[in-house]
Protein chains: 2
Amino acid sequence: MKLSKRAQQTPASPIRKLYPLAVKAKKRGVKVYHLNIGQPDLETPVCVKNLCTKFKKNLVYEPSQGIPELISAWEKYYRDLKLPIKEKDIIVTTGGSEAILFALQATTDPYDEVLVFEPFYANYKSYATQSAVKLIPISLKIENNFHLPSKKEIEKKITKKTKVILINSPSNPTGTVYTKKELQDIVDLAKKHHLYIISDEVYNEFVLDYNKKHISLISFPKIRHQLILIDSVSKKFNACGARIGCLVSKHKDIVATALKFAQARLSSPSIEQYALIDIIKKARSYTPKICKEYQKRRNVVYQGLKQIPGTIYRKPEGAFYIIPKLPIDNAEKFCTWLLDKFSHKGYTLMLAPAKDFYATPNKGLKEVRIAYVLNCQELKKAMSILKTAINQYNK
Amino acid sequence: MKLSKRAQQTPASPIRKLYPLAVKAKKRGVKVYHLNIGQPDLETPVCVKNLCTKFKKNLVYEPSQGIPELISAWEKYYRDLKLPIKEKDIIVTTGGSEAILFALQATTDPYDEVLVFEPFYANYKSYATQSAVKLIPISLKIENNFHLPSKKEIEKKITKKTKVILINSPSNPTGTVYTKKELQDIVDLAKKHHLYIISDEVYNEFVLDYNKKHISLISFPKIRHQLILIDSVSKKFNACGARIGCLVSKHKDIVATALKFAQARLSSPSIEQYALIDIIKKARSYTPKICKEYQKRRNVVYQGLKQIPGTIYRKPEGAFYIIPKLPIDNAEKFCTWLLDKFSHKGYTLMLAPAKDFYATPNKGLKEVRIAYVLNCQELKKAMSILKTAINQYNK
């Protein structure tokens with residue numbers, strides 16, 4: 001029995017596909033530093049854990065749009081960030097991933113086109129195949145620190161089928177934080193061509209340069225009614241497994257549509273909805289500390305890459321990722337070799353080959369994504385192992 | 001800005017759309033008996049609640065296919081039911097709803113057709129619009145207790161675009177349990193026309209007649225590789241808010257595809273995955289008691305309907321729903337009136353108009369769905385209120 005085309009076109013997770021090799025390496029007694037997945041090593045906040053253990057209610061369907069206290073907590077979170085977002089603009093989702101699916105399905109029909117800037121978060125490909133839309137990639141350059149090309153360049157890719165620009169700043173996998181000018185270009189294009197913008201801002205708390213800041217697209221008044229924001233507790237509150245995110249829009253039909261999709265899946269998980277309320281309200285006393293930690297780590301990775309001649313990279317400005325181009329023949333081959341053949345004093349690394357973060361074939365073949373989700377000491381060791389590995393690989 | 005067609009075609013939940021009126025009624029001091037939604041009033045098992053409060057780990061991404069202990073618990077559950085299902089056949093999902101979306105998206109491309117028997121679970125419409133497929137309804141008759149028409153009748157609806165037969169036994173909203181002969185017909189048709197069967201068996205534990213039993217489609221060997229089973233903890237373990245279900249298939253590409261979709265949404269909620277393990281393993285000492293309770297309730301509702309002249313109904317065989325045809329002009333009008341205008345000694349009812357469970361326009365206009373999710377005493381009272389209400393409505 002044949003699978004659907006969309007099933008066939010859906011990629012396996014590039015972040016997870018080398019796992020079987022990592023498991024084998026561990027069985028051989030090798031310690032693997034995981035730099036392949038954006039799963040922070042940081043503790044889930046104590047208040048979240050405490051609230052989880054206090055949950056004594058029946059596990060009933062909660063309201064499809066999210067429990068009122070959680071919606072109100074998100075509103076407070078945005079108010080503290082001085083963003084004009086009200087409770088009525090918010091639908092709680094089961095992770096940021098569900099929010100993106102809802103956003104795509106509210107704005108597109110099959111075979112419509114969605115502009116994305118590559119390299120991009122690899123799961124966007126799956127959301128696109130599941131929603132039966134086509135991703136149209138606009139390639140970014142490592143030498144330009146993955147910043148956007150000119151408005152004119154972007155505009156060339158807009159066709160009659162284009163419905164959405166999907167943007168992600170700070171960016172996973174590049175760590176790039178788009179400037180006000182870049183965002184203004186996107187806003188102008190969306191306005192001119194009547195496109196929706198889906199703005200994935202889940203890394204909004206993690207801007208690592210003091211002279212940069214995250215600008216939410218909702219702060220551009222003229223685009224407000226064409227905009228859908230995506231958010232999640234996963235990274236900013238170290239609660240990936242909670243599966244709590246939200247979809248935000250000032251377009252009330254979009255919110256009504258997201259609610260209809262939400263009703264069809266009934267509700268988001270009960271316990272985590274209750275458990276996250278507190279930390280979302282208290283975000284301002286939590287996330288800046290987390291951000292400082294990532295700043296330190298970013299510097300360790302950056303200094304580490306400096307020690308590896310022939311590597312091309314720029315300093316990432318946000319999130320907790322970097323995509324360097326390594327002095328090797330092929331990144332997938334290298335990442336496989338790291339797990340399969342290599343170890344140094346009992347250690348090796350797991351990295352994500354970057355080609356899967358591109359939609360254009362044969363892009364990023366020598367690039368890897370490094371997620372700096374280890375403490376500084378381990379990260380320093382990992383970077384030194386990377387240097388040793390590259391030397392040995394190239395011998 | 002226009003919404004997508006699929007957004008426009010997605011219905012609001014028929015089960016939830018009269019809620020604002022129920023809220024108003026409650027504000028007027030009227031007590032509302034909720035027979036509109038399949039949310040059991042029964043307690044979540046103590047072991048589930050205890051395990052929830054013992055969760056002390058970080059909320060990290062768990063494996064996308066589900067945590068190993070939970071997959072193993074599902075395997076044991078099916079083994080105890082003597083069903084040939086192995087760990088490798090199982091993907092844990094975020095509710096049965098996600099399992100249906102995965103199943104549809106693995107087997108269909110946009111504009112493909114999916115056969116369903118109406119009235120059907122209303123959210124199927126949303127899963128279809130989200131997946132951009134067309135539901136082709138085959139109408140069932142109340143006089144036949146919503147059993148299936150002949151194989152020949154069903155076959156008439158199969159076209160080149162048909163990819164899937166979506167079946168649900170015991171059925172929400174009708175309470176019908178299909179016979180072995182009916183299921184054999186479906187199997188034969190699927191085999192002959194190379195169709196997948198998506199079998200939503202979430203009510204498998206609730207067969208209310210002693211001389212009937214639930215037959216899982218997986219017990220038909222010849223269809224095994226064209227079959228996807230849908231399951232959920234929501235109803236059988238009174239844990240709707242846990243959002244834990246599973247997708248089961250012997251077709252390994254289907255399982256691989258479901259895993260790819262699962263990877264894109266990273267993982268199901270952590271705490272509930274751990275919390276449900278125990279009860280799933282111990283199902284055989286839990287669900288038969290729950291089933292007995294629904295048998296009693298079914299009898300109360302059935303006896304209650306007998307007291308209302310002009311009502312057409314049959315005795316439901318499973319799940320915890322019934323669709324009677326009431327002696328009224330219009331069910332939606334009547335359900336609205338119940339909340340808006342009527343009360344009897346301070347009480348009223350909330351029912352779900354049945355027309356939204358049909359895909360064919362103007363079907364089921366005088367029918368309602370009653371979910372018997374109140375204890376027998378309250379249910380008795382509710383049925384007597386229904387009688388009073390119909391009398392008064394028709395005056």
# chains A, B, ... in the order shown; residues from 1 in each chain; ligands from 1
>>> closest_atom_pairs(of="chain A", to="chain B", cutoff="6 Å", atoms="only C-alpha atoms", output="Markdown table")
| residue | atom | partner | partner_atom | distance |
| --- | --- | --- | --- | --- |
| A:Leu3 | CA | B:Thr107 | CA | 5.4 |
| A:Ser4 | CA | B:Thr107 | CA | 4.8 |
| A:Ala7 | CA | B:Ala106 | CA | 5.0 |
| A:Ala12 | CA | B:Lys260 | CA | 5.2 |
| A:Thr44 | CA | B:Asn58 | CA | 5.2 |
| A:Thr53 | CA | B:Thr53 | CA | 3.7 |
| A:Lys54 | CA | B:Thr53 | CA | 5.9 |
| A:Asn58 | CA | B:Thr44 | CA | 5.2 |
| A:Leu59 | CA | B:Gly241 | CA | 4.4 |
| A:Val60 | CA | B:Gly241 | CA | 4.4 |
| A:Tyr61 | CA | B:Gly241 | CA | 4.5 |
| A:Ser97 | CA | B:Arg265 | CA | 5.4 |
| A:Ala106 | CA | B:Ala7 | CA | 5.0 |
| A:Thr107 | CA | B:Ser4 | CA | 4.8 |
| A:Thr108 | CA | B:Ser4 | CA | 5.0 |
| A:Asp109 | CA | B:Ser4 | CA | 5.7 |
| A:Asn123 | CA | B:Ala264 | CA | 5.1 |
| A:Ala239 | CA | B:Leu59 | CA | 4.8 |
| A:Cys240 | CA | B:Val60 | CA | 4.9 |
| A:Gly241 | CA | B:Val60 | CA | 4.4 |
| A:Ala242 | CA | B:Pro269 | CA | 5.5 |
| A:Arg243 | CA | B:Pro269 | CA | 5.7 |
| A:Thr257 | CA | B:Ala7 | CA | 5.9 |
| A:Lys260 | CA | B:Ala12 | CA | 5.2 |
| A:Ala264 | CA | B:Asn123 | CA | 5.1 |
| A:Arg265 | CA | B:Ser97 | CA | 5.4 |
| A:Pro269 | CA | B:Ala242 | CA | 5.4 |
| A:Ser270 | CA | B:Gly241 | CA | 5.3 |
>>> write_last_selection(atoms="C-alpha atoms", output="JSON list (two decimals), in the first residue's frame")
[["chain", "number", "residue", "atom", "x", "y", "z"],
["A", 3, "LEU", "CA", 1.86, 6.19, 1.33],
["A", 4, "SER", "CA", 0.62, 9.65, 0.48],
["A", 7, "ALA", "CA", 4.16, 11.25, 3.84],
["A", 12, "ALA", "CA", 12.98, 12.47, 9.16],
["A", 44, "THR", "CA", 13.19, 23.41, 34.77],
["A", 53, "THR", "CA", 3.43, 17.95, 42.04],
["A", 54, "LYS", "CA", 0.53, 19.89, 43.54],
["A", 58, "ASN", "CA", -9.24, 15.27, 37.63],
["A", 59, "LEU", "CA", -7.66, 15.27, 34.20],
["A", 60, "VAL", "CA", -10.62, 16.77, 32.35],
["A", 61, "TYR", "CA", -10.71, 18.65, 29.05],
["A", 97, "SER", "CA", 4.91, 23.37, 16.83],
["A", 106, "ALA", "CA", -5.42, 29.19, 8.75],
["A", 107, "THR", "CA", -3.63, 31.08, 5.98],
["A", 108, "THR", "CA", -2.96, 28.62, 3.18],
["A", 109, "ASP", "CA", -4.66, 26.11, 0.93],
["A", 123, "ASN", "CA", 10.73, 20.98, 11.23],
["A", 239, "ALA", "CA", 10.34, 23.29, 29.91],
["A", 240, "CYS", "CA", 10.51, 21.59, 26.50],
["A", 241, "GLY", "CA", 8.52, 18.58, 27.65],
["A", 242, "ALA", "CA", 5.60, 20.69, 28.88],
["A", 243, "ARG", "CA", 4.36, 21.18, 25.30],
["A", 257, "THR", "CA", -9.87, 29.83, 13.19],
["A", 260, "LYS", "CA", -11.70, 25.95, 15.75],
["A", 264, "ALA", "CA", -10.86, 19.76, 17.20],
["A", 265, "ARG", "CA", -7.94, 18.60, 19.37],
["A", 269, "PRO", "CA", -2.28, 19.05, 28.47],
["A", 270, "SER", "CA", -3.85, 20.00, 31.80]]
>>> residues_around(residues="Tyr78 (chain A)", least_positions_apart="4", cutoff="12 Å", atoms="only C-alpha atoms", output="list in words")
Ile71, Ser72, Ala73, Trp74, Lys82, Leu83, Pro84, Ile85, Lys86, Glu87, Asp89, Ile90, Asn204, Glu205, Ser216, Ile218, Ser219, Leu229, Asp231, Cys246, Val248, Ile280, Lys281, Lys282, Ala283 and Arg284 of chain A
>>> residues_around(residues="Phe206 (chain B)", least_positions_apart="3", cutoff="9 Å", atoms="only C-alpha atoms", output="VMD selection string")
chain B and resid 170 203 214 236 287 to 288 290 to 292 294 to 295 317 to 320
>>> closest_residue(among="A:Leu189, A:Ala275, A:Val255, A:Leu338", to="Glu153 (chain A)", atoms="only C-alpha atoms")
A:Leu189
>>> select_by_dssp(residues="region 122-176 of chain B", states="strand (DSSP E or B)", output="list in words")
Lys134, Leu135, Ile136, Pro137, Ile138, Ser139, Thr162, Lys163, Val164, Ile165, Leu166, Ile167 and Asn168 of chain B
>>> closest_residue(among="B:Val187, B:Val92, B:Leu305, B:Leu351", to="Gly245 (chain B)", atoms="only C-alpha atoms")
B:Val92
>>> atom_distance(atom1="CA of Tyr302 (chain B)", atom2="CA of Arg314 (chain B)")
8.3 Å
>>> atom_distance(atom1="CA of Pro119 (chain A)", atom2="CA of Gln377 (chain A)")
28.7 Å
>>> closest_residue(among="A:Ser139, A:Thr348, A:Asn375, A:Asn168", to="Ile197 (chain A)", atoms="only C-alpha atoms")
A:Asn168
>>> decode(residues="region 176-272 of chain A", atoms="C-alpha atoms", output="PDB file, in the first residue's frame")
ATOM      1  CA  THR A 176      20.818  35.705  13.635  1.00  0.00           C
ATOM      2  CA  VAL A 177      18.724  38.566  15.060  1.00  0.00           C
ATOM      3  CA  TYR A 178      17.150  40.610  12.274  1.00  0.00           C
ATOM      4  CA  THR A 179      17.499  44.380  12.418  1.00  0.00           C
ATOM      5  CA  LYS A 180      14.654  46.873  12.455  1.00  0.00           C
ATOM      6  CA  LYS A 181      15.445  47.705   8.835  1.00  0.00           C
ATOM      7  CA  GLU A 182      15.213  44.053   7.798  1.00  0.00           C
ATOM      8  CA  LEU A 183      11.913  43.579   9.598  1.00  0.00           C
ATOM      9  CA  GLN A 184      10.610  46.786   8.031  1.00  0.00           C
ATOM     10  CA  ASP A 185      11.406  45.341   4.592  1.00  0.00           C
ATOM     11  CA  ILE A 186       9.429  42.213   5.405  1.00  0.00           C
ATOM     12  CA  VAL A 187       6.524  44.312   6.660  1.00  0.00           C
ATOM     13  CA  ASP A 188       6.574  46.441   3.497  1.00  0.00           C
ATOM     14  CA  LEU A 189       6.590  43.378   1.253  1.00  0.00           C
ATOM     15  CA  ALA A 190       3.775  41.692   3.176  1.00  0.00           C
ATOM     16  CA  LYS A 191       1.740  44.866   2.992  1.00  0.00           C
ATOM     17  CA  LYS A 192       2.375  45.419  -0.703  1.00  0.00           C
ATOM     18  CA  HIS A 193       1.621  41.837  -1.728  1.00  0.00           C
ATOM     19  CA  HIS A 194      -1.127  41.088   0.827  1.00  0.00           C
ATOM     20  CA  LEU A 195       0.792  38.336   2.541  1.00  0.00           C
ATOM     21  CA  TYR A 196       0.493  37.014   6.050  1.00  0.00           C
ATOM     22  CA  ILE A 197       3.586  37.000   8.224  1.00  0.00           C
ATOM     23  CA  ILE A 198       4.042  34.070  10.584  1.00  0.00           C
ATOM     24  CA  SER A 199       6.673  35.235  13.030  1.00  0.00           C
ATOM     25  CA  ASP A 200       8.244  32.522  15.114  1.00  0.00           C
ATOM     26  CA  GLU A 201       9.618  34.448  18.089  1.00  0.00           C
ATOM     27  CA  VAL A 202      10.220  31.600  20.525  1.00  0.00           C
ATOM     28  CA  TYR A 203      13.819  32.753  21.080  1.00  0.00           C
ATOM     29  CA  ASN A 204      12.791  36.370  21.785  1.00  0.00           C
ATOM     30  CA  GLU A 205      14.442  36.281  25.232  1.00  0.00           C
ATOM     31  CA  PHE A 206      17.818  35.265  23.893  1.00  0.00           C
ATOM     32  CA  VAL A 207      19.560  38.223  22.302  1.00  0.00           C
ATOM     33  CA  LEU A 208      23.219  37.844  23.153  1.00  0.00           C
ATOM     34  CA  ASP A 209      24.716  41.159  22.050  1.00  0.00           C
ATOM     35  CA  TYR A 210      24.252  44.150  24.312  1.00  0.00           C
ATOM     36  CA  ASN A 211      23.875  46.505  21.361  1.00  0.00           C
ATOM     37  CA  LYS A 212      21.137  44.424  19.733  1.00  0.00           C
ATOM     38  CA  LYS A 213      17.596  43.776  20.773  1.00  0.00           C
ATOM     39  CA  HIS A 214      14.707  41.605  19.765  1.00  0.00           C
ATOM     40  CA  ILE A 215      12.027  43.536  17.924  1.00  0.00           C
ATOM     41  CA  SER A 216       8.708  41.763  17.799  1.00  0.00           C
ATOM     42  CA  LEU A 217       6.907  42.162  14.498  1.00  0.00           C
ATOM     43  CA  ILE A 218       3.808  43.121  16.438  1.00  0.00           C
ATOM     44  CA  SER A 219       5.460  46.453  17.176  1.00  0.00           C
ATOM     45  CA  PHE A 220       4.953  47.439  13.513  1.00  0.00           C
ATOM     46  CA  PRO A 221       1.394  48.819  13.664  1.00  0.00           C
ATOM     47  CA  LYS A 222       0.659  48.619   9.962  1.00  0.00           C
ATOM     48  CA  ILE A 223       1.162  44.861   9.713  1.00  0.00           C
ATOM     49  CA  ARG A 224      -0.659  43.933  12.895  1.00  0.00           C
ATOM     50  CA  HIS A 225      -3.702  42.491  11.166  1.00  0.00           C
ATOM     51  CA  GLN A 226      -1.634  40.310   8.832  1.00  0.00           C
ATOM     52  CA  LEU A 227       0.563  38.906  11.553  1.00  0.00           C
ATOM     53  CA  ILE A 228       0.592  35.677  13.541  1.00  0.00           C
ATOM     54  CA  LEU A 229       3.112  35.366  16.367  1.00  0.00           C
ATOM     55  CA  ILE A 230       4.336  31.977  17.557  1.00  0.00           C
ATOM     56  CA  ASP A 231       5.606  31.516  21.087  1.00  0.00           C
ATOM     57  CA  SER A 232       6.567  28.642  23.390  1.00  0.00           C
ATOM     58  CA  VAL A 233       7.682  28.003  26.950  1.00  0.00           C
ATOM     59  CA  SER A 234      10.130  25.307  25.841  1.00  0.00           C
ATOM     60  CA  LYS A 235      13.381  27.225  25.613  1.00  0.00           C
ATOM     61  CA  LYS A 236      12.824  30.376  27.632  1.00  0.00           C
ATOM     62  CA  PHE A 237      11.572  28.478  30.667  1.00  0.00           C
ATOM     63  CA  ASN A 238      13.538  25.247  30.162  1.00  0.00           C
ATOM     64  CA  ALA A 239      10.343  23.286  29.911  1.00  0.00           C
ATOM     65  CA  CYS A 240      10.515  21.592  26.496  1.00  0.00           C
ATOM     66  CA  GLY A 241       8.519  18.581  27.647  1.00  0.00           C
ATOM     67  CA  ALA A 242       5.603  20.694  28.875  1.00  0.00           C
ATOM     68  CA  ARG A 243       4.356  21.180  25.296  1.00  0.00           C
ATOM     69  CA  ILE A 244       2.898  24.589  25.988  1.00  0.00           C
ATOM     70  CA  GLY A 245       3.050  27.398  23.473  1.00  0.00           C
ATOM     71  CA  CYS A 246       0.737  30.014  22.098  1.00  0.00           C
ATOM     72  CA  LEU A 247      -0.514  31.606  18.915  1.00  0.00           C
ATOM     73  CA  VAL A 248      -1.100  35.365  18.966  1.00  0.00           C
ATOM     74  CA  SER A 249      -2.907  37.505  16.419  1.00  0.00           C
ATOM     75  CA  LYS A 250      -4.719  40.802  16.192  1.00  0.00           C
ATOM     76  CA  HIS A 251      -6.720  39.428  13.260  1.00  0.00           C
ATOM     77  CA  LYS A 252      -9.811  38.163  14.971  1.00  0.00           C
ATOM     78  CA  ASP A 253     -10.751  35.694  12.239  1.00  0.00           C
ATOM     79  CA  ILE A 254      -7.318  34.110  12.599  1.00  0.00           C
ATOM     80  CA  VAL A 255      -7.870  33.721  16.326  1.00  0.00           C
ATOM     81  CA  ALA A 256     -11.347  32.311  15.672  1.00  0.00           C
ATOM     82  CA  THR A 257      -9.873  29.828  13.187  1.00  0.00           C
ATOM     83  CA  ALA A 258      -7.109  28.781  15.558  1.00  0.00           C
ATOM     84  CA  LEU A 259      -9.817  28.228  18.160  1.00  0.00           C
ATOM     85  CA  LYS A 260     -11.703  25.950  15.747  1.00  0.00           C
ATOM     86  CA  PHE A 261      -8.538  23.921  15.165  1.00  0.00           C
ATOM     87  CA  ALA A 262      -7.969  23.910  18.929  1.00  0.00           C
ATOM     88  CA  GLN A 263     -11.501  22.660  19.551  1.00  0.00           C
ATOM     89  CA  ALA A 264     -10.856  19.756  17.196  1.00  0.00           C
ATOM     90  CA  ARG A 265      -7.938  18.604  19.372  1.00  0.00           C
ATOM     91  CA  LEU A 266      -9.995  19.452  22.477  1.00  0.00           C
ATOM     92  CA  SER A 267      -7.367  20.860  24.834  1.00  0.00           C
ATOM     93  CA  SER A 268      -3.690  21.217  25.666  1.00  0.00           C
ATOM     94  CA  PRO A 269      -2.277  19.055  28.474  1.00  0.00           C
ATOM     95  CA  SER A 270      -3.852  20.002  31.801  1.00  0.00           C
ATOM     96  CA  ILE A 271      -1.081  19.752  34.356  1.00  0.00           C
ATOM     97  CA  GLU A 272       1.484  21.694  32.371  1.00  0.00           C
TER      98      GLU A 272
END
